[in-house]
Amino acid sequence: MQESMEKTTAMIEHFAEVNRILQKHNYSAAKLIPILQETQEVYKCLSKEVISYVATSIGVPPAKVYGVATFYAHFSLEPKGRHIIRLCDGTACHVKKSHGILNALRSHLKLEGDKTTSDDFAFTVETVSCLGACGLAPVMVVDGEVHGQVVPEQAVALVEEIKKNDAAEN
C-alpha cells in the first residue's frame with residue numbers, strides 16, 4: 001500500500017507542470033497544439049506517458065494526440081539536446097555532399113544507428129528536407145543560426161566551439 005501511495009505521489013509531482021498547462025488552456029481539446037508546445041518546452045519531449053495523460057485530461061483518444069505529436073516536425077517523442085543542428089538534405093545540398101557533413105557530425109558526436117542526440121544531451125543532429133537556402137548549399141542551421149557552404153571540418157569545428165563556450169559558461 002505504501003509503495004502504491006509513493007508511486008501516485010511521484011506521478012502527481014511529475015505531471016504538476018502539465019496540469020498547470022492544461023488548466024491554463026481550460027482542458028480544451030481545441031488548444032491541443034499550444035498544450036503540446038508548452039508541455040514539450042517543460043519536459044524537452046513528449047513521452048508516451050505525457051501524451052496519454054494529456055489525451056485523457058482533454059477527453060480525446062491518445063491516438064489523436066500521438067498523431068498530432070508525430071505529424072508536426074517541431075514535436076519530439078525523444079529528448080533533444082541543448083543545441084539543435086539541422087542539416088539540409090534537399091536536392092542542392094545533397095548534390096553538394098551534405099551527407100559528408102552528416103557523417104562527420106554523427107561520427108564526432110558518437111551517434112550510431114538512428115540515434116540523433118548525444119549521450120550528454122548537448123547536441124541533437126537532424127536532417128531536414130529543405131532549409132530554403134539553396135544558394136548556400138550545403139547549409140546547416142545551428143541553434144537558429146544559418147551556416148552556408150559548410151564542409152565537414154567546419155561543422156565539427158563549430159561543434160567544438162560550442163562545447164568550449166558551454167564549458168566557459170559553467
# chains A, B, ... in the order shown; residues from 1 in each chain; ligands from 1
>>> select_by_dssp(residues="chain A", states="helix (DSSP H, G or I)", output="MDAnalysis selection string")
chainID A and resid 2:14 16:24 29:43 48:58 62:71 91:95 98:108 134:136 152:169
>>> select_by_dssp(residues="chain A", states="strand (DSSP E or B)", output="NGL selection string")
:A and (83-88 or 117 or 123-128 or 140-142 or 145-147)
>>> residues_around(residues="A:Leu22", least_positions_apart="3", cutoff="10 Å", atoms="only C-alpha atoms", output="list in words")
Ala16, Glu17, Val18, Asn19, His25, Asn26, Tyr27, Ser28, Ala29, Lys31, Leu32, Pro34, Ile35, Leu36, Glu38, Thr39, Val54, Ser57 and Ile58 of chain A
>>> write_last_selection(atoms="N, CA and C atoms", output="compact mmCIF listing (two decimals), in the first residue's frame")
# COMPACT_ATOMS: atom_id res chain seq x y z
N ALA A 16 2.79 17.82 -12.53
CA ALA A 16 2.35 19.12 -11.99
C ALA A 16 2.39 20.22 -13.04
N GLU A 17 3.45 20.27 -13.82
CA GLU A 17 3.55 21.29 -14.86
C GLU A 17 2.54 21.06 -15.97
N VAL A 18 2.30 19.80 -16.33
CA VAL A 18 1.28 19.50 -17.35
C VAL A 18 -0.08 19.96 -16.85
N ASN A 19 -0.35 19.71 -15.59
CA ASN A 19 -1.63 20.15 -15.01
C ASN A 19 -1.77 21.66 -15.08
N HIS A 25 -5.14 26.32 -20.31
CA HIS A 25 -5.87 26.20 -21.57
C HIS A 25 -7.26 25.60 -21.38
N ASN A 26 -7.74 25.63 -20.13
CA ASN A 26 -9.10 25.16 -19.80
C ASN A 26 -9.39 23.73 -20.25
N TYR A 27 -8.37 22.89 -20.26
CA TYR A 27 -8.54 21.48 -20.64
C TYR A 27 -9.24 21.35 -21.99
N SER A 28 -8.97 22.28 -22.90
CA SER A 28 -9.65 22.34 -24.18
C SER A 28 -8.92 21.54 -25.25
N ALA A 29 -9.63 20.62 -25.87
CA ALA A 29 -9.07 19.84 -26.97
C ALA A 29 -8.71 20.75 -28.15
N LYS A 31 -7.21 23.40 -27.98
CA LYS A 31 -5.90 24.02 -27.68
C LYS A 31 -4.79 22.97 -27.62
N LEU A 32 -5.00 21.84 -28.29
CA LEU A 32 -4.04 20.73 -28.22
C LEU A 32 -2.63 21.16 -28.61
N PRO A 34 -1.05 24.21 -28.69
CA PRO A 34 -0.35 25.01 -27.67
C PRO A 34 -0.06 24.22 -26.39
N ILE A 35 -0.96 23.33 -26.03
CA ILE A 35 -0.72 22.49 -24.84
C ILE A 35 0.53 21.64 -25.06
N LEU A 36 0.63 21.01 -26.23
CA LEU A 36 1.79 20.17 -26.52
C LEU A 36 3.07 21.00 -26.62
N GLU A 38 3.82 23.86 -25.09
CA GLU A 38 4.25 24.27 -23.75
C GLU A 38 4.74 23.08 -22.94
N THR A 39 4.08 21.95 -23.10
CA THR A 39 4.49 20.74 -22.38
C THR A 39 5.87 20.30 -22.84
N VAL A 54 -2.22 13.84 -21.29
CA VAL A 54 -2.86 14.99 -21.95
C VAL A 54 -4.15 14.54 -22.63
N SER A 57 -6.84 13.89 -20.13
CA SER A 57 -7.24 15.14 -19.48
C SER A 57 -8.13 16.02 -20.34
N ILE A 58 -7.93 15.97 -21.67
CA ILE A 58 -8.74 16.82 -22.55
C ILE A 58 -9.85 16.03 -23.25
>>> residues_around(residues="A:Gly135", least_positions_apart="2", cutoff="9 Å", atoms="only C-alpha atoms", output="mmCIF file with all heavy atoms, in the first residue's frame")
data_model
loop_
_atom_site.group_PDB
_atom_site.id
_atom_site.type_symbol
_atom_site.label_atom_id
_atom_site.label_comp_id
_atom_site.auth_asym_id
_atom_site.auth_seq_id
_atom_site.Cartn_x
_atom_site.Cartn_y
_atom_site.Cartn_z
ATOM 1 N N ALA A 92 19.772 20.484 -53.692
ATOM 2 C CA ALA A 92 21.006 21.269 -53.846
ATOM 3 C C ALA A 92 22.051 20.864 -52.813
ATOM 4 O O ALA A 92 23.227 20.684 -53.139
ATOM 5 C CB ALA A 92 20.706 22.757 -53.752
ATOM 6 N N GLY A 132 15.533 26.159 -47.378
ATOM 7 C CA GLY A 132 15.216 27.337 -48.181
ATOM 8 C C GLY A 132 16.407 28.240 -48.440
ATOM 9 O O GLY A 132 16.237 29.438 -48.646
ATOM 10 N N ALA A 133 17.598 27.692 -48.410
ATOM 11 C CA ALA A 133 18.805 28.483 -48.653
ATOM 12 C C ALA A 133 19.696 27.757 -49.653
ATOM 13 O O ALA A 133 20.898 27.577 -49.429
ATOM 14 C CB ALA A 133 19.528 28.731 -47.339
ATOM 15 N N ALA A 137 24.172 26.171 -50.369
ATOM 16 C CA ALA A 137 24.362 24.725 -50.216
ATOM 17 C C ALA A 137 25.835 24.342 -50.169
ATOM 18 O O ALA A 137 26.643 24.944 -50.885
ATOM 19 C CB ALA A 137 23.671 23.987 -51.354
ATOM 20 N N PRO A 138 26.153 23.354 -49.335
ATOM 21 C CA PRO A 138 25.314 22.723 -48.324
ATOM 22 C C PRO A 138 25.169 23.627 -47.095
ATOM 23 O O PRO A 138 26.110 24.302 -46.700
ATOM 24 C CB PRO A 138 26.048 21.431 -47.985
ATOM 25 C CG PRO A 138 27.488 21.707 -48.301
ATOM 26 C CD PRO A 138 27.486 22.738 -49.408
ATOM 27 N N VAL A 139 23.989 23.591 -46.523
ATOM 28 C CA VAL A 139 23.666 24.513 -45.442
ATOM 29 C C VAL A 139 23.192 23.761 -44.202
ATOM 30 O O VAL A 139 22.585 22.696 -44.312
ATOM 31 C CB VAL A 139 22.614 25.556 -45.901
ATOM 32 C CG1 VAL A 139 21.293 24.906 -46.184
ATOM 33 C CG2 VAL A 139 22.442 26.682 -44.925
ATOM 34 N N GLY A 148 26.340 28.561 -44.198
ATOM 35 C CA GLY A 148 26.303 28.132 -45.584
ATOM 36 C C GLY A 148 27.641 27.656 -46.101
ATOM 37 O O GLY A 148 28.687 27.971 -45.540
ATOM 38 N N GLN A 149 27.573 26.905 -47.196
ATOM 39 C CA GLN A 149 28.738 26.338 -47.883
ATOM 40 C C GLN A 149 29.661 25.631 -46.890
ATOM 41 O O GLN A 149 30.873 25.796 -46.885
ATOM 42 C CB GLN A 149 29.465 27.420 -48.685
ATOM 43 C CG GLN A 149 28.549 28.012 -49.740
ATOM 44 C CD GLN A 149 29.156 29.163 -50.497
ATOM 45 O OE1 GLN A 149 30.062 29.836 -50.010
ATOM 46 N NE2 GLN A 149 28.661 29.391 -51.694
#
>>> atom_distance(atom1="atom CA of A:Val95", atom2="atom CA of A:Thr116")
22.7 Å
>>> closest_residue(among="A:Glu78, A:Asp166, A:Glu161, A:Glu49", to="A:Thr117", atoms="only C-alpha atoms")
A:Glu78
>>> atom_distance(atom1="atom CA of A:Val150", atom2="atom CA of A:Ala168")
25.4 Å
>>> decode(residues="stretch 59-106 of chain A", atoms="N, CA and C atoms", output="PDB file, in the first residue's frame")
ATOM      1  N   GLY A  59      -9.938  14.749 -22.935  1.00  0.00           N
ATOM      2  CA  GLY A  59     -11.040  13.938 -23.439  1.00  0.00           C
ATOM      3  C   GLY A  59     -10.951  13.535 -24.896  1.00  0.00           C
ATOM      4  N   VAL A  60      -9.738  13.272 -25.370  1.00  0.00           N
ATOM      5  CA  VAL A  60      -9.577  12.776 -26.738  1.00  0.00           C
ATOM      6  C   VAL A  60      -8.777  11.472 -26.696  1.00  0.00           C
ATOM      7  N   PRO A  61      -8.897  10.652 -27.727  1.00  0.00           N
ATOM      8  CA  PRO A  61      -8.133   9.405 -27.742  1.00  0.00           C
ATOM      9  C   PRO A  61      -6.620   9.678 -27.796  1.00  0.00           C
ATOM     10  N   PRO A  62      -5.833   8.902 -27.081  1.00  0.00           N
ATOM     11  CA  PRO A  62      -4.371   9.082 -27.141  1.00  0.00           C
ATOM     12  C   PRO A  62      -3.829   9.021 -28.570  1.00  0.00           C
ATOM     13  N   ALA A  63      -4.459   8.226 -29.424  1.00  0.00           N
ATOM     14  CA  ALA A  63      -4.004   8.113 -30.819  1.00  0.00           C
ATOM     15  C   ALA A  63      -4.076   9.456 -31.539  1.00  0.00           C
ATOM     16  N   LYS A  64      -5.070  10.265 -31.209  1.00  0.00           N
ATOM     17  CA  LYS A  64      -5.185  11.587 -31.837  1.00  0.00           C
ATOM     18  C   LYS A  64      -4.037  12.489 -31.396  1.00  0.00           C
ATOM     19  N   VAL A  65      -3.738  12.490 -30.104  1.00  0.00           N
ATOM     20  CA  VAL A  65      -2.644  13.314 -29.595  1.00  0.00           C
ATOM     21  C   VAL A  65      -1.318  12.822 -30.174  1.00  0.00           C
ATOM     22  N   TYR A  66      -1.132  11.522 -30.222  1.00  0.00           N
ATOM     23  CA  TYR A  66       0.071  10.939 -30.807  1.00  0.00           C
ATOM     24  C   TYR A  66       0.179  11.332 -32.281  1.00  0.00           C
ATOM     25  N   GLY A  67      -0.937  11.299 -32.992  1.00  0.00           N
ATOM     26  CA  GLY A  67      -0.952  11.680 -34.405  1.00  0.00           C
ATOM     27  C   GLY A  67      -0.497  13.116 -34.604  1.00  0.00           C
ATOM     28  N   VAL A  68      -0.967  14.014 -33.771  1.00  0.00           N
ATOM     29  CA  VAL A  68      -0.553  15.418 -33.851  1.00  0.00           C
ATOM     30  C   VAL A  68       0.936  15.536 -33.505  1.00  0.00           C
ATOM     31  N   ALA A  69       1.355  14.845 -32.450  1.00  0.00           N
ATOM     32  CA  ALA A  69       2.745  14.930 -31.992  1.00  0.00           C
ATOM     33  C   ALA A  69       3.724  14.378 -33.028  1.00  0.00           C
ATOM     34  N   THR A  70       3.302  13.417 -33.828  1.00  0.00           N
ATOM     35  CA  THR A  70       4.200  12.841 -34.829  1.00  0.00           C
ATOM     36  C   THR A  70       4.066  13.514 -36.191  1.00  0.00           C
ATOM     37  N   PHE A  71       2.978  14.240 -36.417  1.00  0.00           N
ATOM     38  CA  PHE A  71       2.781  14.910 -37.701  1.00  0.00           C
ATOM     39  C   PHE A  71       3.664  16.150 -37.817  1.00  0.00           C
ATOM     40  N   TYR A  72       3.711  16.949 -36.768  1.00  0.00           N
ATOM     41  CA  TYR A  72       4.460  18.203 -36.810  1.00  0.00           C
ATOM     42  C   TYR A  72       5.914  17.985 -36.419  1.00  0.00           C
ATOM     43  N   ALA A  73       6.816  18.453 -37.275  1.00  0.00           N
ATOM     44  CA  ALA A  73       8.252  18.214 -37.088  1.00  0.00           C
ATOM     45  C   ALA A  73       8.814  18.852 -35.823  1.00  0.00           C
ATOM     46  N   HIS A  74       8.187  19.902 -35.319  1.00  0.00           N
ATOM     47  CA  HIS A  74       8.758  20.555 -34.140  1.00  0.00           C
ATOM     48  C   HIS A  74       8.453  19.823 -32.838  1.00  0.00           C
ATOM     49  N   PHE A  75       7.630  18.778 -32.901  1.00  0.00           N
ATOM     50  CA  PHE A  75       7.400  17.958 -31.711  1.00  0.00           C
ATOM     51  C   PHE A  75       8.363  16.787 -31.730  1.00  0.00           C
ATOM     52  N   SER A  76       8.778  16.372 -30.552  1.00  0.00           N
ATOM     53  CA  SER A  76       9.706  15.256 -30.452  1.00  0.00           C
ATOM     54  C   SER A  76       9.241  14.284 -29.377  1.00  0.00           C
ATOM     55  N   LEU A  77       9.318  13.005 -29.691  1.00  0.00           N
ATOM     56  CA  LEU A  77       8.977  11.966 -28.722  1.00  0.00           C
ATOM     57  C   LEU A  77      10.201  11.553 -27.902  1.00  0.00           C
ATOM     58  N   GLU A  78      11.349  12.032 -28.305  1.00  0.00           N
ATOM     59  CA  GLU A  78      12.599  11.745 -27.607  1.00  0.00           C
ATOM     60  C   GLU A  78      13.210  13.069 -27.147  1.00  0.00           C
ATOM     61  N   PRO A  79      13.908  13.077 -26.013  1.00  0.00           N
ATOM     62  CA  PRO A  79      14.546  14.317 -25.555  1.00  0.00           C
ATOM     63  C   PRO A  79      15.568  14.826 -26.571  1.00  0.00           C
ATOM     64  N   LYS A  80      15.613  16.130 -26.744  1.00  0.00           N
ATOM     65  CA  LYS A  80      16.585  16.741 -27.650  1.00  0.00           C
ATOM     66  C   LYS A  80      17.688  17.402 -26.845  1.00  0.00           C
ATOM     67  N   GLY A  81      18.796  17.633 -27.514  1.00  0.00           N
ATOM     68  CA  GLY A  81      19.931  18.276 -26.881  1.00  0.00           C
ATOM     69  C   GLY A  81      19.720  19.776 -26.696  1.00  0.00           C
ATOM     70  N   ARG A  82      20.629  20.382 -25.941  1.00  0.00           N
ATOM     71  CA  ARG A  82      20.568  21.835 -25.715  1.00  0.00           C
ATOM     72  C   ARG A  82      20.811  22.599 -27.012  1.00  0.00           C
ATOM     73  N   HIS A  83      21.606  22.016 -27.896  1.00  0.00           N
ATOM     74  CA  HIS A  83      21.931  22.644 -29.180  1.00  0.00           C
ATOM     75  C   HIS A  83      21.366  21.772 -30.305  1.00  0.00           C
ATOM     76  N   ILE A  84      20.590  22.401 -31.173  1.00  0.00           N
ATOM     77  CA  ILE A  84      19.961  21.680 -32.277  1.00  0.00           C
ATOM     78  C   ILE A  84      20.680  22.027 -33.572  1.00  0.00           C
ATOM     79  N   ILE A  85      21.155  21.006 -34.257  1.00  0.00           N
ATOM     80  CA  ILE A  85      21.808  21.164 -35.551  1.00  0.00           C
ATOM     81  C   ILE A  85      20.869  20.570 -36.595  1.00  0.00           C
ATOM     82  N   ARG A  86      20.409  21.409 -37.523  1.00  0.00           N
ATOM     83  CA  ARG A  86      19.553  20.945 -38.617  1.00  0.00           C
ATOM     84  C   ARG A  86      20.367  21.017 -39.897  1.00  0.00           C
ATOM     85  N   LEU A  87      20.522  19.880 -40.523  1.00  0.00           N
ATOM     86  CA  LEU A  87      21.310  19.788 -41.745  1.00  0.00           C
ATOM     87  C   LEU A  87      20.380  19.541 -42.917  1.00  0.00           C
ATOM     88  N   CYS A  88      20.484  20.401 -43.916  1.00  0.00           N
ATOM     89  CA  CYS A  88      19.628  20.264 -45.091  1.00  0.00           C
ATOM     90  C   CYS A  88      20.090  19.088 -45.941  1.00  0.00           C
ATOM     91  N   ASP A  89      19.124  18.308 -46.407  1.00  0.00           N
ATOM     92  CA  ASP A  89      19.413  17.219 -47.340  1.00  0.00           C
ATOM     93  C   ASP A  89      18.516  17.349 -48.574  1.00  0.00           C
ATOM     94  N   GLY A  90      18.123  18.595 -48.869  1.00  0.00           N
ATOM     95  CA  GLY A  90      17.376  18.851 -50.100  1.00  0.00           C
ATOM     96  C   GLY A  90      18.272  18.619 -51.302  1.00  0.00           C
ATOM     97  N   THR A  91      17.720  18.736 -52.477  1.00  0.00           N
ATOM     98  CA  THR A  91      18.458  18.410 -53.698  1.00  0.00           C
ATOM     99  C   THR A  91      19.782  19.159 -53.812  1.00  0.00           C
ATOM    100  N   ALA A  92      19.772  20.484 -53.692  1.00  0.00           N
ATOM    101  CA  ALA A  92      21.006  21.269 -53.846  1.00  0.00           C
ATOM    102  C   ALA A  92      22.051  20.864 -52.813  1.00  0.00           C
ATOM    103  N   CYS A  93      21.625  20.717 -51.573  1.00  0.00           N
ATOM    104  CA  CYS A  93      22.563  20.344 -50.508  1.00  0.00           C
ATOM    105  C   CYS A  93      23.062  18.913 -50.681  1.00  0.00           C
ATOM    106  N   HIS A  94      22.175  18.027 -51.078  1.00  0.00           N
ATOM    107  CA  HIS A  94      22.562  16.631 -51.284  1.00  0.00           C
ATOM    108  C   HIS A  94      23.612  16.526 -52.392  1.00  0.00           C
ATOM    109  N   VAL A  95      23.374  17.243 -53.488  1.00  0.00           N
ATOM    110  CA  VAL A  95      24.313  17.234 -54.616  1.00  0.00           C
ATOM    111  C   VAL A  95      25.673  17.789 -54.184  1.00  0.00           C
ATOM    112  N   LYS A  96      25.647  18.743 -53.264  1.00  0.00           N
ATOM    113  CA  LYS A  96      26.903  19.348 -52.772  1.00  0.00           C
ATOM    114  C   LYS A  96      27.464  18.592 -51.568  1.00  0.00           C
ATOM    115  N   LYS A  97      27.012  17.364 -51.402  1.00  0.00           N
ATOM    116  CA  LYS A  97      27.573  16.420 -50.430  1.00  0.00           C
ATOM    117  C   LYS A  97      27.267  16.716 -48.960  1.00  0.00           C
ATOM    118  N   SER A  98      26.020  17.056 -48.669  1.00  0.00           N
ATOM    119  CA  SER A  98      25.621  17.268 -47.274  1.00  0.00           C
ATOM    120  C   SER A  98      25.769  15.996 -46.453  1.00  0.00           C
ATOM    121  N   HIS A  99      25.699  14.833 -47.114  1.00  0.00           N
ATOM    122  CA  HIS A  99      25.838  13.577 -46.379  1.00  0.00           C
ATOM    123  C   HIS A  99      27.221  13.450 -45.735  1.00  0.00           C
ATOM    124  N   GLY A 100      28.243  14.070 -46.328  1.00  0.00           N
ATOM    125  CA  GLY A 100      29.583  14.057 -45.728  1.00  0.00           C
ATOM    126  C   GLY A 100      29.610  14.829 -44.419  1.00  0.00           C
ATOM    127  N   ILE A 101      28.850  15.929 -44.375  1.00  0.00           N
ATOM    128  CA  ILE A 101      28.746  16.728 -43.156  1.00  0.00           C
ATOM    129  C   ILE A 101      28.019  15.914 -42.086  1.00  0.00           C
ATOM    130  N   LEU A 102      26.926  15.291 -42.493  1.00  0.00           N
ATOM    131  CA  LEU A 102      26.159  14.467 -41.561  1.00  0.00           C
ATOM    132  C   LEU A 102      27.025  13.354 -40.987  1.00  0.00           C
ATOM    133  N   ASN A 103      27.757  12.670 -41.835  1.00  0.00           N
ATOM    134  CA  ASN A 103      28.618  11.578 -41.376  1.00  0.00           C
ATOM    135  C   ASN A 103      29.685  12.087 -40.402  1.00  0.00           C
ATOM    136  N   ALA A 104      30.266  13.254 -40.688  1.00  0.00           N
ATOM    137  CA  ALA A 104      31.297  13.817 -39.810  1.00  0.00           C
ATOM    138  C   ALA A 104      30.705  14.180 -38.448  1.00  0.00           C
ATOM    139  N   LEU A 105      29.532  14.811 -38.455  1.00  0.00           N
ATOM    140  CA  LEU A 105      28.889  15.180 -37.191  1.00  0.00           C
ATOM    141  C   LEU A 105      28.516  13.940 -36.382  1.00  0.00           C
ATOM    142  N   ARG A 106      27.917  12.961 -37.059  1.00  0.00           N
ATOM    143  CA  ARG A 106      27.494  11.744 -36.360  1.00  0.00           C
ATOM    144  C   ARG A 106      28.706  11.017 -35.765  1.00  0.00           C
TER     145      ARG A 106
END
